[in-house]
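Working notes for the structure below.
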Amino acid sequence: MHLYYSKVKTSLLFHLLILFFCTQTQAQEKAVSYPYDASYIYPDYNIKLEHLDAKLLIQPYDTLVDGRAVFQFSMLSTSSDSIIFNVPELKISSVLLDGSACSYSVSGGSANIRFPGEFKRGSKHSLAFEYKSKPTEGLYFIGWNDPKQLKRKQIWAHRPDHWIPFFPGIITVNMQVTIEKALKVYSNGIREGIIDNPDGTRTWQYAMKSPHPFFSTCMVVGDMEYTNLSTARGLPLEFWYYPDWKDHVEPTFRYTTRMFDFFEDQFGLNYPYELYRESPVVDYMYGAMETTTATIFGDYLMVDKRGYLGRNYVNVNSHELAHQWFGNYISHLKGKDLWLTETFATYWAKRFEEHIFGEDYHEEVRNKELAETLEAALHDNYAVGHYMGGRNRWYPKGSLVMDMLRDVLGDENFRASIKLYLESFPYQTAETYDFLQCIRKATGRSMEWFFEEWIYRGGEPHFEVKYEPLTDNNGKGTTHIQVEQIQEINEISRPFQMPVKIKVHYVDGSSTEETNWIRKPSEVIRINNPKSKKIAFVIFDPGRRIIKKLSFNRSYEELKLQASQAELMIDRYDALIAMKNTPSKLKQEDLIQRYHKETYSMIKGEIIAQLCDSLTNASISVLKEAVRDTNDKVRLAVIQNLKVIPAQMEKDIVSMLNDPAYLTIQLALVKLCKSFPKKYRTYLDITKNETGWRGLNIRISWLEIAISNGEIKYSKELADYTSSSYEFETRINAANALRRLNLLNNDAILNLLEGASHWNYKIKVAFLETLRYFYQQDQYRTLIIKVINENKESEILESLNKS
């Protein structure tokens with residue numbers, strides 16, 4: 001009896017304790033809140049697309065594609081009675097299902113193919129389309145019908161829509177393209193053959209033998225050449241170029257072979273395809289597109305050795321190459337997982353540039369990424385892992401998040417996680433949770449808290465930092481650092497937790513660095529200073545490793561010491577930025593001293609900018625020296641920051657009219673003519689044979705200056721540059737010049753109307769804005785309406801009236 005009651009008593013006590021702890025836990029539970037993400041819901045698939053055989057005959061001057069596309073697929077569902085393919089602008093003449101005619105209908109750019117009976121799960125089938133297309137978008141016919149026959153002739157597409165029937169899938173492809181013999185064809189995969197046909201055409205045969213995302217299909221047709229190289233391990237490379245741009249090949253594709261060596265080492269996985277090629281295309285609206293094995297990029301990035309100084313292709317090139325692993329080899333389905341593609345490519349391109357150009361350059365790139373991240377925060381608070389995150393979250397912020405992930409994991413664990421992720425999803429799709437699980441499996445680390453903070457939730461911490469040196473009765477010192485998180489905190493944006501380094505520098509040249517976790521809205525960190533050394537300055541988060549806003553008031557003396565003594569370039573730069581509002585009298589001598597001790601262009605450029613705020617003999621002497629600097633970015637900083645050129649610097653700036661860098665020449669020309677208007681013709685004569693890069697930047701500025709000084713004979717040339725005979729950046733530059741001149745004629749209006757309905761959104765937006773500018777003026781409105789009515793452009797007129 002006693003034992004029984006003892007067991008009952010013990011059991012009852014145990015259950016009461018469980019009930020108590022459960023009640024306490026439930027009382028402490030908080031709801032987890034996230035902004036809704038519509039991309040969580042993804043359409044069902046009833047088939048698995050497996051292979052495509054495509055045969056295309058292209059007639060360029062008719063902008064016509066005559067195609068046959070045969071798909072192989074297997075059934076995923078027995079309850080399906082039809083499948084739907086996207087077929088915008090395709091006029092279908094025949095559809096065969098397993099070799100027999102079948103019932104289908106086309107509506108709104110979709111083809112609904114009905115099955116004749118029930119298909120078993122896993123059964124395999126073929127579906128053949130015969131069609132013609134005269135696409136107005138998707139596949140772009142450039143220059144073939146240019147009335148002046150000035151524009152480069154090309155056909156290109158970076159996606160299969162509008163020229164091949166489309167259904168999502170990861171597939172193998174055989175592609176045959178027939179075209180006139182003088183032209184070459186560029187596409188994905190191995191080039192298996194080139195066949196000369198009796199009718200004078202030529203058929204180019206390509207094959208993607210490894211599965212790849214069908215959407216990542218491209219084609220380029222044109223008068224092209226290519227050069228062959230190989231990587232260190234023998235992987236074949238093809239660099240395509242225009243025959244008259246052979247001198248652009250080396251500057252454009254510089255370091256490409258080294259990109260493969262770097263990525264294969266970092267990823268622990270060799271490039272997953274048989275070869276790689278790249279081609280420039282005309283009027284490309286983005287930077288580039290990583291179609292599988294075959295990247296295409298805007299030809300404004302195909303630079304000569306002078307254009308390389310302005311904007312080179314290295315970053316975009318390495319970004320698109322990284323996409324071959326992250327985007328093609330492993331692809332994403334949902335918008336919330338887009339960061340797995342774009343963040344990874346942005347991050348690894350940055351790491352490659354660090355490998356080539358060094359740590360200071362790396363810190364400059366990170367500085368730009370942080371600026372873009374914080375700019376996006378002014379508009380909304382979406383997360384990196386949200387389909388509404390937008391460019392600045394998926395690219396720069398995501399790249400900085402990867403930096404932090406590597407810092408927290410350590411390099412070895414980070415690389416192991418990347419390797420396992422790549423090995424786990426070959427030629428497949430993956431989601432954010434998959435990557436998180438790979439980190440756990442590779443390292444044993446639970447990084448849910450990190451993903452919760454930096455991937456699933458938006459926002460950035462805003463730290464307010466203050467410090468105070470204290471000494472106890474025994475003479476031992478402690479630096480108390482007060483850290484407040486002053487950003488808005490609510491159910492969606494919670495306090496951030498991160499390990500943060502803090503470095504205290506002392507006047508004797510020594511320093512103490514500690515890493516502490518910041519977890520609460522308010523924290524006090526204590527750093528021992530046993531000898532009570534005098535503090536020179538404190539750096540919160542050396543190297544700016546954490547994404548954040550920082551409010552940290554320091555004296556000018558502290559900033560001056562940080563600007564001269566901090567080890568990292570970005571920490572010295574931060575001190576200089578904090579000195580911006582310091583009166584020039586107080587800081588000029590210190591700035592000049594720093595200029596002569598610094599070597600990196602970013603810091604020298606900031607010093608130049610601040611010296612230009614108040615010109616003295618001493619600061620002008622530094623600017624004259626900077627004009628002769630061997631670094632083009634330092635020279636550029638002078639002409640960018642001089643508002644008006646002082647007379648004693650005229651000769652120095654005139655020397656910049658012969659600078660190797662196109663942008664430097666353009667800015668020097670504009671500012672010389674503004675500062676010394678009576679000598680404008682002298683400056684024009686010096687630069688009369690320069691055209692520039694990008695968008696004929698020097699020539700457009702040259703014409704604008706000449707016209708503004710009464711040389712009206714040049715107005716026709718300027719207006720001509722807005723026509724479709726020229727690439728889009730030249731057209732936009734010319735349109736902007738017409739606005740500044742407030743100059744418009746009938747030909748320019750016709751060109752603007754054509755551009756206002758262009759498929760390239762950059763031209764469309766720029767030309768609509770230009771038309772609106774002139775339409776608001778009585779002297780031009782009547783002329784614009786007249787030309788619009790003559791050319792039946794009523795939609796554009798409606799748009800102008802609305803504005």
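Chain labels run A, B, ... following the order of the structure tokens; each chain numbers its residues from 1, and ligands are numbered from 1 in the order shown.
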request  = Mind checking which residues fall within 7 Å of A:Ile83, counting only C-alpha atoms, ignoring those fewer than 4 positions away in the same chain, and posting them as an NGL selection string?
outcome  = :A and (112-114)
Restricting the output to all heavy atoms, write the selected residues as an mmCIF file, in the first residue's frame.
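The file below, again_20.cif, is the result:
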data_model
loop_
_atom_site.group_PDB
_atom_site.id
_atom_site.type_symbol
_atom_site.label_atom_id
_atom_site.label_comp_id
_atom_site.auth_asym_id
_atom_site.auth_seq_id
_atom_site.Cartn_x
_atom_site.Cartn_y
_atom_site.Cartn_z
ATOM 1 N N ASN A 112 -3.153 25.536 -75.382
ATOM 2 C CA ASN A 112 -3.705 24.477 -74.538
ATOM 3 C C ASN A 112 -3.815 23.217 -75.389
ATOM 4 O O ASN A 112 -4.633 23.138 -76.306
ATOM 5 C CB ASN A 112 -5.070 24.900 -73.998
ATOM 6 C CG ASN A 112 -5.617 23.927 -72.969
ATOM 7 O OD1 ASN A 112 -5.135 22.806 -72.853
ATOM 8 N ND2 ASN A 112 -6.625 24.362 -72.239
ATOM 9 N N ILE A 113 -2.956 22.221 -75.084
ATOM 10 C CA ILE A 113 -2.943 20.975 -75.850
ATOM 11 C C ILE A 113 -3.697 19.913 -75.060
ATOM 12 O O ILE A 113 -3.333 19.602 -73.912
ATOM 13 C CB ILE A 113 -1.486 20.500 -76.127
ATOM 14 C CG1 ILE A 113 -0.781 21.512 -77.042
ATOM 15 C CG2 ILE A 113 -1.479 19.134 -76.768
ATOM 16 C CD1 ILE A 113 -0.025 22.575 -76.326
ATOM 17 N N ARG A 114 -4.739 19.377 -75.651
ATOM 18 C CA ARG A 114 -5.590 18.425 -74.946
ATOM 19 C C ARG A 114 -5.160 16.987 -75.260
ATOM 20 O O ARG A 114 -4.883 16.635 -76.415
ATOM 21 C CB ARG A 114 -7.063 18.647 -75.335
ATOM 22 C CG ARG A 114 -7.633 19.937 -74.735
ATOM 23 C CD ARG A 114 -9.046 20.221 -75.179
ATOM 24 N NE ARG A 114 -9.101 20.741 -76.541
ATOM 25 C CZ ARG A 114 -8.860 22.019 -76.874
ATOM 26 N NH1 ARG A 114 -8.544 22.901 -75.935
ATOM 27 N NH2 ARG A 114 -8.941 22.411 -78.133
#
At a cut-off of 9 Å, can you tabulate as a Markdown table every residue of stretch 299-411 of chain A near stretch 270-282 of chain A together with its closest atom pair and the distance in Å to one decimal, using only C-alpha atoms and ordering rows by chain then number?
| residue | atom | partner | partner_atom | distance |
| --- | --- | --- | --- | --- |
| A:Asp299 | CA | A:Pro280 | CA | 4.6 |
| A:Tyr300 | CA | A:Val282 | CA | 8.2 |
| A:Leu301 | CA | A:Pro280 | CA | 8.0 |
| A:Met302 | CA | A:Pro280 | CA | 6.8 |
| A:Leu321 | CA | A:Tyr276 | CA | 8.8 |
| A:Gln324 | CA | A:Tyr271 | CA | 7.6 |
| A:Trp325 | CA | A:Tyr271 | CA | 7.2 |
| A:Tyr329 | CA | A:Pro272 | CA | 7.0 |
Those selected residues, please, written with N, CA and C atoms and delivered as a PDB file, in the first residue's frame.
ATOM      1  N   ASP A 299      27.126  45.258 -75.660  1.00  0.00           N
ATOM      2  CA  ASP A 299      28.404  45.557 -76.309  1.00  0.00           C
ATOM      3  C   ASP A 299      29.037  46.853 -75.817  1.00  0.00           C
ATOM      4  N   TYR A 300      28.292  47.650 -75.023  1.00  0.00           N
ATOM      5  CA  TYR A 300      28.918  48.821 -74.410  1.00  0.00           C
ATOM      6  C   TYR A 300      29.947  48.402 -73.356  1.00  0.00           C
ATOM      7  N   LEU A 301      29.912  47.120 -72.946  1.00  0.00           N
ATOM      8  CA  LEU A 301      30.917  46.608 -72.015  1.00  0.00           C
ATOM      9  C   LEU A 301      32.099  45.976 -72.735  1.00  0.00           C
ATOM     10  N   MET A 302      32.026  45.884 -74.057  1.00  0.00           N
ATOM     11  CA  MET A 302      33.170  45.364 -74.808  1.00  0.00           C
ATOM     12  C   MET A 302      34.091  46.540 -75.118  1.00  0.00           C
ATOM     13  N   LEU A 321      29.795  34.373 -64.864  1.00  0.00           N
ATOM     14  CA  LEU A 321      30.431  33.059 -64.787  1.00  0.00           C
ATOM     15  C   LEU A 321      30.014  32.339 -63.508  1.00  0.00           C
ATOM     16  N   GLN A 324      26.938  30.271 -63.655  1.00  0.00           N
ATOM     17  CA  GLN A 324      26.917  28.945 -64.268  1.00  0.00           C
ATOM     18  C   GLN A 324      26.783  27.865 -63.194  1.00  0.00           C
ATOM     19  N   TRP A 325      27.344  28.123 -62.004  1.00  0.00           N
ATOM     20  CA  TRP A 325      27.132  27.241 -60.857  1.00  0.00           C
ATOM     21  C   TRP A 325      25.823  27.597 -60.138  1.00  0.00           C
ATOM     22  N   TYR A 329      23.510  25.498 -62.996  1.00  0.00           N
ATOM     23  CA  TYR A 329      23.760  24.173 -62.403  1.00  0.00           C
ATOM     24  C   TYR A 329      22.789  23.922 -61.247  1.00  0.00           C
TER      25      TYR A 329
END
key: Nearest candidate to A:Asn745 (options A:Lys764, A:Lys716, A:Arg772, A:Lys55; using only C-alpha atoms)   = A:Lys716
Determine, using only C-alpha atoms, which residues of stretch 364-472 of chain A have any atom at most 12 Å from an atom of stretch 39-53 of chain A, and tabulate each with its shortest atom pair and distance in Å to one decimal place, rows ordered by chain and then rising number, as a tab-separated table.
residue	atom	partner	partner_atom	distance
A:Gly385	CA	A:Ser39	CA	10.5
A:His386	CA	A:Ser39	CA	8.2
A:Tyr387	CA	A:Ser39	CA	6.3
A:Met388	CA	A:Ser39	CA	9.3
A:Gly389	CA	A:Ser39	CA	11.7
A:Glu431	CA	A:Tyr40	CA	10.7
A:Thr432	CA	A:Tyr40	CA	11.6
Go ahead and write the selection's residues with all heavy atoms as a PDB file, in the first residue's frame.
ATOM      1  N   GLY A 385      15.451  37.617 -48.688  1.00  0.00           N
ATOM      2  CA  GLY A 385      14.738  36.422 -49.127  1.00  0.00           C
ATOM      3  C   GLY A 385      13.259  36.649 -49.331  1.00  0.00           C
ATOM      4  O   GLY A 385      12.439  35.825 -48.909  1.00  0.00           O
ATOM      5  N   HIS A 386      12.909  37.747 -49.970  1.00  0.00           N
ATOM      6  CA  HIS A 386      11.504  38.057 -50.268  1.00  0.00           C
ATOM      7  C   HIS A 386      11.409  38.420 -51.742  1.00  0.00           C
ATOM      8  O   HIS A 386      12.285  39.089 -52.292  1.00  0.00           O
ATOM      9  CB  HIS A 386      11.026  39.230 -49.408  1.00  0.00           C
ATOM     10  CG  HIS A 386       9.545  39.428 -49.405  1.00  0.00           C
ATOM     11  ND1 HIS A 386       8.868  40.030 -50.452  1.00  0.00           N
ATOM     12  CD2 HIS A 386       8.591  39.106 -48.483  1.00  0.00           C
ATOM     13  CE1 HIS A 386       7.578  40.066 -50.177  1.00  0.00           C
ATOM     14  NE2 HIS A 386       7.384  39.517 -48.995  1.00  0.00           N
ATOM     15  N   TYR A 387      10.316  38.009 -52.369  1.00  0.00           N
ATOM     16  CA  TYR A 387      10.210  38.237 -53.817  1.00  0.00           C
ATOM     17  C   TYR A 387      10.100  39.717 -54.168  1.00  0.00           C
ATOM     18  O   TYR A 387      10.323  40.112 -55.310  1.00  0.00           O
ATOM     19  CB  TYR A 387       9.024  37.452 -54.396  1.00  0.00           C
ATOM     20  CG  TYR A 387       7.697  38.179 -54.389  1.00  0.00           C
ATOM     21  CD1 TYR A 387       7.125  38.636 -55.564  1.00  0.00           C
ATOM     22  CD2 TYR A 387       7.006  38.402 -53.195  1.00  0.00           C
ATOM     23  CE1 TYR A 387       5.907  39.304 -55.566  1.00  0.00           C
ATOM     24  CE2 TYR A 387       5.793  39.053 -53.188  1.00  0.00           C
ATOM     25  CZ  TYR A 387       5.242  39.504 -54.363  1.00  0.00           C
ATOM     26  OH  TYR A 387       4.041  40.170 -54.362  1.00  0.00           O
ATOM     27  N   MET A 388       9.777  40.565 -53.167  1.00  0.00           N
ATOM     28  CA  MET A 388       9.732  42.006 -53.390  1.00  0.00           C
ATOM     29  C   MET A 388      11.021  42.703 -52.933  1.00  0.00           C
ATOM     30  O   MET A 388      11.083  43.922 -52.896  1.00  0.00           O
ATOM     31  CB  MET A 388       8.532  42.599 -52.634  1.00  0.00           C
ATOM     32  CG  MET A 388       7.186  42.216 -53.226  1.00  0.00           C
ATOM     33  SD  MET A 388       6.868  43.069 -54.787  1.00  0.00           S
ATOM     34  CE  MET A 388       6.579  44.732 -54.176  1.00  0.00           C
ATOM     35  N   GLY A 389      12.021  41.907 -52.589  1.00  0.00           N
ATOM     36  CA  GLY A 389      13.256  42.486 -52.066  1.00  0.00           C
ATOM     37  C   GLY A 389      13.870  43.511 -53.003  1.00  0.00           C
ATOM     38  O   GLY A 389      14.356  44.553 -52.580  1.00  0.00           O
ATOM     39  N   GLU A 431      15.994  25.621 -52.730  1.00  0.00           N
ATOM     40  CA  GLU A 431      15.349  26.704 -52.003  1.00  0.00           C
ATOM     41  C   GLU A 431      16.237  27.139 -50.834  1.00  0.00           C
ATOM     42  O   GLU A 431      17.235  26.477 -50.508  1.00  0.00           O
ATOM     43  CB  GLU A 431      13.971  26.275 -51.507  1.00  0.00           C
ATOM     44  CG  GLU A 431      13.034  25.889 -52.641  1.00  0.00           C
ATOM     45  CD  GLU A 431      11.592  25.719 -52.182  1.00  0.00           C
ATOM     46  OE1 GLU A 431      11.196  26.374 -51.206  1.00  0.00           O
ATOM     47  OE2 GLU A 431      10.865  24.938 -52.824  1.00  0.00           O
ATOM     48  N   THR A 432      15.847  28.218 -50.195  1.00  0.00           N
ATOM     49  CA  THR A 432      16.645  28.774 -49.111  1.00  0.00           C
ATOM     50  C   THR A 432      16.883  27.755 -48.013  1.00  0.00           C
ATOM     51  O   THR A 432      18.000  27.624 -47.493  1.00  0.00           O
ATOM     52  CB  THR A 432      15.948  30.025 -48.540  1.00  0.00           C
ATOM     53  OG1 THR A 432      15.832  31.007 -49.583  1.00  0.00           O
ATOM     54  CG2 THR A 432      16.729  30.610 -47.385  1.00  0.00           C
TER      55      THR A 432
END
query = Taking only C-alpha atoms into account, which of A:Ser724, A:Asn188, A:Ile296, A:Gly390 comes nearest A:Tyr241?
reply = A:Ile296
Which neighbours of A:Trp348 fall inside 12 Å, counting only C-alpha atoms, when residues of the same chain fewer than 2 positions from it are skipped, and could you give them as an mmCIF file with N, CA and C atoms, in the first residue's frame?
data_model
loop_
_atom_site.group_PDB
_atom_site.id
_atom_site.type_symbol
_atom_site.label_atom_id
_atom_site.label_comp_id
_atom_site.auth_asym_id
_atom_site.auth_seq_id
_atom_site.Cartn_x
_atom_site.Cartn_y
_atom_site.Cartn_z
ATOM 1 N N MET A 259 39.422 33.503 -63.612
ATOM 2 C CA MET A 259 38.145 33.349 -62.915
ATOM 3 C C MET A 259 37.804 31.877 -62.714
ATOM 4 N N PHE A 260 38.020 31.079 -63.743
ATOM 5 C CA PHE A 260 37.730 29.652 -63.630
ATOM 6 C C PHE A 260 38.603 29.011 -62.554
ATOM 7 N N PHE A 262 39.971 30.396 -59.964
ATOM 8 C CA PHE A 262 39.569 30.877 -58.646
ATOM 9 C C PHE A 262 38.275 30.225 -58.189
ATOM 10 N N PHE A 263 37.267 30.220 -59.045
ATOM 11 C CA PHE A 263 35.968 29.673 -58.660
ATOM 12 C C PHE A 263 36.043 28.172 -58.406
ATOM 13 N N GLU A 264 36.721 27.452 -59.262
ATOM 14 C CA GLU A 264 36.809 26.003 -59.068
ATOM 15 C C GLU A 264 37.506 25.669 -57.753
ATOM 16 N N GLN A 266 37.523 27.734 -55.022
ATOM 17 C CA GLN A 266 36.660 28.172 -53.936
ATOM 18 C C GLN A 266 35.444 27.268 -53.763
ATOM 19 N N PHE A 267 34.888 26.795 -54.859
ATOM 20 C CA PHE A 267 33.656 26.013 -54.797
ATOM 21 C C PHE A 267 33.908 24.534 -54.509
ATOM 22 N N ASN A 315 33.882 42.744 -63.436
ATOM 23 C CA ASN A 315 32.880 42.401 -62.438
ATOM 24 C C ASN A 315 31.693 41.672 -63.056
ATOM 25 N N VAL A 316 31.156 42.221 -64.132
ATOM 26 C CA VAL A 316 30.006 41.580 -64.787
ATOM 27 C C VAL A 316 30.408 40.201 -65.319
ATOM 28 N N ASN A 317 31.589 40.099 -65.881
ATOM 29 C CA ASN A 317 32.088 38.837 -66.429
ATOM 30 C C ASN A 317 32.143 37.760 -65.341
ATOM 31 N N SER A 318 32.733 38.098 -64.199
ATOM 32 C CA SER A 318 32.841 37.113 -63.122
ATOM 33 C C SER A 318 31.484 36.814 -62.499
ATOM 34 N N HIS A 319 30.609 37.815 -62.443
ATOM 35 C CA HIS A 319 29.236 37.608 -61.938
ATOM 36 C C HIS A 319 28.522 36.565 -62.802
ATOM 37 N N GLU A 320 28.566 36.742 -64.126
ATOM 38 C CA GLU A 320 27.848 35.816 -65.009
ATOM 39 C C GLU A 320 28.478 34.430 -64.994
ATOM 40 N N LEU A 321 29.795 34.373 -64.864
ATOM 41 C CA LEU A 321 30.431 33.059 -64.787
ATOM 42 C C LEU A 321 30.014 32.339 -63.508
ATOM 43 N N ALA A 322 29.967 33.042 -62.386
ATOM 44 C CA ALA A 322 29.520 32.420 -61.131
ATOM 45 C C ALA A 322 28.107 31.866 -61.275
ATOM 46 N N HIS A 323 27.289 32.522 -62.094
ATOM 47 C CA HIS A 323 25.914 32.045 -62.320
ATOM 48 C C HIS A 323 25.883 30.665 -62.981
ATOM 49 N N GLN A 324 26.938 30.271 -63.655
ATOM 50 C CA GLN A 324 26.917 28.945 -64.268
ATOM 51 C C GLN A 324 26.783 27.865 -63.194
ATOM 52 N N TRP A 325 27.344 28.123 -62.004
ATOM 53 C CA TRP A 325 27.132 27.241 -60.857
ATOM 54 C C TRP A 325 25.823 27.597 -60.138
ATOM 55 N N PHE A 326 25.693 28.892 -59.824
ATOM 56 C CA PHE A 326 24.563 29.363 -59.020
ATOM 57 C C PHE A 326 23.571 30.093 -59.928
ATOM 58 N N LEU A 340 19.440 33.263 -53.880
ATOM 59 C CA LEU A 340 20.396 32.169 -54.027
ATOM 60 C C LEU A 340 21.131 32.236 -55.358
ATOM 61 N N THR A 341 20.511 32.865 -56.342
ATOM 62 C CA THR A 341 21.129 33.050 -57.644
ATOM 63 C C THR A 341 21.901 34.367 -57.708
ATOM 64 N N GLU A 342 21.223 35.478 -57.433
ATOM 65 C CA GLU A 342 21.845 36.789 -57.646
ATOM 66 C C GLU A 342 22.816 37.187 -56.530
ATOM 67 N N THR A 343 22.462 36.883 -55.291
ATOM 68 C CA THR A 343 23.381 37.193 -54.193
ATOM 69 C C THR A 343 24.685 36.421 -54.343
ATOM 70 N N PHE A 344 24.564 35.127 -54.651
ATOM 71 C CA PHE A 344 25.773 34.312 -54.754
ATOM 72 C C PHE A 344 26.677 34.815 -55.877
ATOM 73 N N ALA A 345 26.092 35.140 -57.026
ATOM 74 C CA ALA A 345 26.903 35.617 -58.153
ATOM 75 C C ALA A 345 27.557 36.956 -57.828
ATOM 76 N N THR A 346 26.806 37.854 -57.178
ATOM 77 C CA THR A 346 27.361 39.153 -56.809
ATOM 78 C C THR A 346 28.497 38.993 -55.815
ATOM 79 N N LYS A 350 32.605 39.734 -56.429
ATOM 80 C CA LYS A 350 33.334 40.630 -55.520
ATOM 81 C C LYS A 350 34.581 39.940 -54.968
ATOM 82 N N ARG A 351 34.445 38.677 -54.608
ATOM 83 C CA ARG A 351 35.589 37.947 -54.069
ATOM 84 C C ARG A 351 36.676 37.764 -55.126
ATOM 85 N N PHE A 352 36.247 37.542 -56.379
ATOM 86 C CA PHE A 352 37.261 37.413 -57.432
ATOM 87 C C PHE A 352 38.001 38.726 -57.628
ATOM 88 N N GLU A 353 37.267 39.832 -57.621
ATOM 89 C CA GLU A 353 37.935 41.127 -57.766
ATOM 90 C C GLU A 353 38.891 41.386 -56.602
ATOM 91 N N GLU A 354 38.530 40.963 -55.424
ATOM 92 C CA GLU A 354 39.465 41.071 -54.288
ATOM 93 C C GLU A 354 40.730 40.280 -54.579
ATOM 94 N N HIS A 355 40.556 39.089 -55.124
ATOM 95 C CA HIS A 355 41.686 38.221 -55.472
ATOM 96 C C HIS A 355 42.618 38.894 -56.484
ATOM 97 N N HIS A 362 38.500 45.807 -52.663
ATOM 98 C CA HIS A 362 37.400 45.037 -52.077
ATOM 99 C C HIS A 362 36.602 45.908 -51.108
ATOM 100 N N TYR A 395 21.218 41.867 -54.738
ATOM 101 C CA TYR A 395 22.607 42.013 -55.201
ATOM 102 C C TYR A 395 23.504 42.563 -54.079
ATOM 103 N N PRO A 396 23.545 43.880 -53.827
ATOM 104 C CA PRO A 396 24.531 44.380 -52.853
ATOM 105 C C PRO A 396 24.285 43.952 -51.416
ATOM 106 N N GLY A 398 22.588 41.355 -50.269
ATOM 107 C CA GLY A 398 22.833 39.919 -50.164
ATOM 108 C C GLY A 398 24.312 39.594 -50.160
ATOM 109 N N SER A 399 25.082 40.316 -50.969
ATOM 110 C CA SER A 399 26.527 40.101 -51.012
ATOM 111 C C SER A 399 27.166 40.412 -49.663
ATOM 112 N N LEU A 400 26.726 41.490 -49.031
ATOM 113 C CA LEU A 400 27.237 41.827 -47.695
ATOM 114 C C LEU A 400 26.797 40.796 -46.661
ATOM 115 N N MET A 402 26.436 37.652 -47.243
ATOM 116 C CA MET A 402 27.352 36.517 -47.427
ATOM 117 C C MET A 402 28.693 36.781 -46.751
ATOM 118 N N ASP A 403 29.163 38.020 -46.800
ATOM 119 C CA ASP A 403 30.385 38.367 -46.058
ATOM 120 C C ASP A 403 30.217 38.057 -44.574
ATOM 121 N N ARG A 415 33.311 27.479 -46.827
ATOM 122 C CA ARG A 415 33.624 26.787 -48.077
ATOM 123 C C ARG A 415 33.056 25.370 -48.081
ATOM 124 N N ILE A 418 29.345 25.680 -48.971
ATOM 125 C CA ILE A 418 29.151 25.953 -50.399
ATOM 126 C C ILE A 418 29.359 24.674 -51.210
#
ask   = Can you tell me, as a VMD selection string, what residues are no more than 12 Å from A:Cys673 when counting only C-alpha atoms, ignoring any on the same chain fewer than 4 positions away?
value = chain A and resid 644 to 645 650 653 to 654 657 666 to 669 677 to 684 701 to 702 704 to 706 708 to 709
request  = Please provide the set of residues having any atom within 12 Å of A:Ile788, restricted to only C-alpha atoms, with same-chain residues fewer than 4 positions apart removed, written as a ChimeraX atom specification.
outcome  = /A:746,749-754,756,771,775,781-784,792-800
task = May I have the residues within 7 Å of A:Asn413 as a ChimeraX atom specification, using only C-alpha atoms and disregarding those fewer than 4 positions away in the same chain?
result = /A:409,417,443
ask   = What does the distance between atom CA of A:Asn528 and atom CA of A:Ile546 come to in Å, to one decimal place?
value = 23.5 Å
task = From the DSSP assignment of the backbone, select every residue of stretch 357-458 of chain A that is helix (DSSP H, G or I), and format the answer as a PyMOL selection string.
result = chain A and resi 357+359-377+391-409+411-424+432-443+448-456
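When DSSP is run on the backbone, the residues of stretch 244-433 of chain A that fall into strand (DSSP E) are Tyr276, Arg277, Glu278, Ser279, Pro280, Val281, Ala288, Met289, Ala294, Thr295, Ile296, Phe297, Gly298, Ile330, Ser331, Gln428 and Thr429 of chain A.
Checking A:Glu567, A:Glu363, A:Asp98, A:Asp632 one by one against A:Ser123, counting only C-alpha atoms, you find the shortest gap at A:Asp98.
Separating atom CA of A:Lys153 from atom CA of A:Thr217 is a distance of 20.9 Å.
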Spatial neighbours of A:Asp508, max dist 8 Å, only C-alpha atoms, sep filter under 2 positions, as a short mmCIF file (atom, residue, chain, number, x, y, z; two decimals) with all heavy atoms, in the first residue's frame:
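Okay, this is what ended up in part_8.cif:
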data_model
loop_
_atom_site.label_atom_id
_atom_site.label_comp_id
_atom_site.auth_asym_id
_atom_site.auth_seq_id
_atom_site.Cartn_x
_atom_site.Cartn_y
_atom_site.Cartn_z
N TYR A 506 45.29 53.48 -28.55
CA TYR A 506 45.83 54.36 -27.52
C TYR A 506 46.89 55.28 -28.12
O TYR A 506 47.46 54.99 -29.20
CB TYR A 506 46.43 53.53 -26.39
CG TYR A 506 45.45 52.53 -25.81
CD1 TYR A 506 45.57 51.16 -26.08
CD2 TYR A 506 44.38 52.95 -25.01
CE1 TYR A 506 44.66 50.25 -25.58
CE2 TYR A 506 43.47 52.03 -24.50
CZ TYR A 506 43.61 50.69 -24.79
OH TYR A 506 42.71 49.78 -24.30
N SER A 510 49.63 51.54 -29.25
CA SER A 510 49.11 50.19 -29.01
C SER A 510 47.59 50.18 -29.17
O SER A 510 46.96 51.23 -29.32
CB SER A 510 49.51 49.71 -27.61
OG SER A 510 48.90 50.53 -26.62
N LYS A 533 45.80 53.58 -20.15
CA LYS A 533 46.40 54.33 -21.25
C LYS A 533 45.40 55.36 -21.79
O LYS A 533 44.19 55.13 -21.78
CB LYS A 533 46.80 53.39 -22.38
CG LYS A 533 47.88 52.39 -22.01
CD LYS A 533 48.17 51.48 -23.19
CE LYS A 533 49.22 50.44 -22.86
NZ LYS A 533 49.49 49.55 -24.02
N LYS A 534 45.94 56.45 -22.31
CA LYS A 534 45.08 57.47 -22.90
C LYS A 534 44.58 56.98 -24.26
O LYS A 534 45.35 56.50 -25.09
CB LYS A 534 45.83 58.78 -23.05
CG LYS A 534 44.94 59.92 -23.53
CD LYS A 534 45.70 61.24 -23.61
CE LYS A 534 44.78 62.36 -24.11
NZ LYS A 534 45.50 63.65 -24.22
#
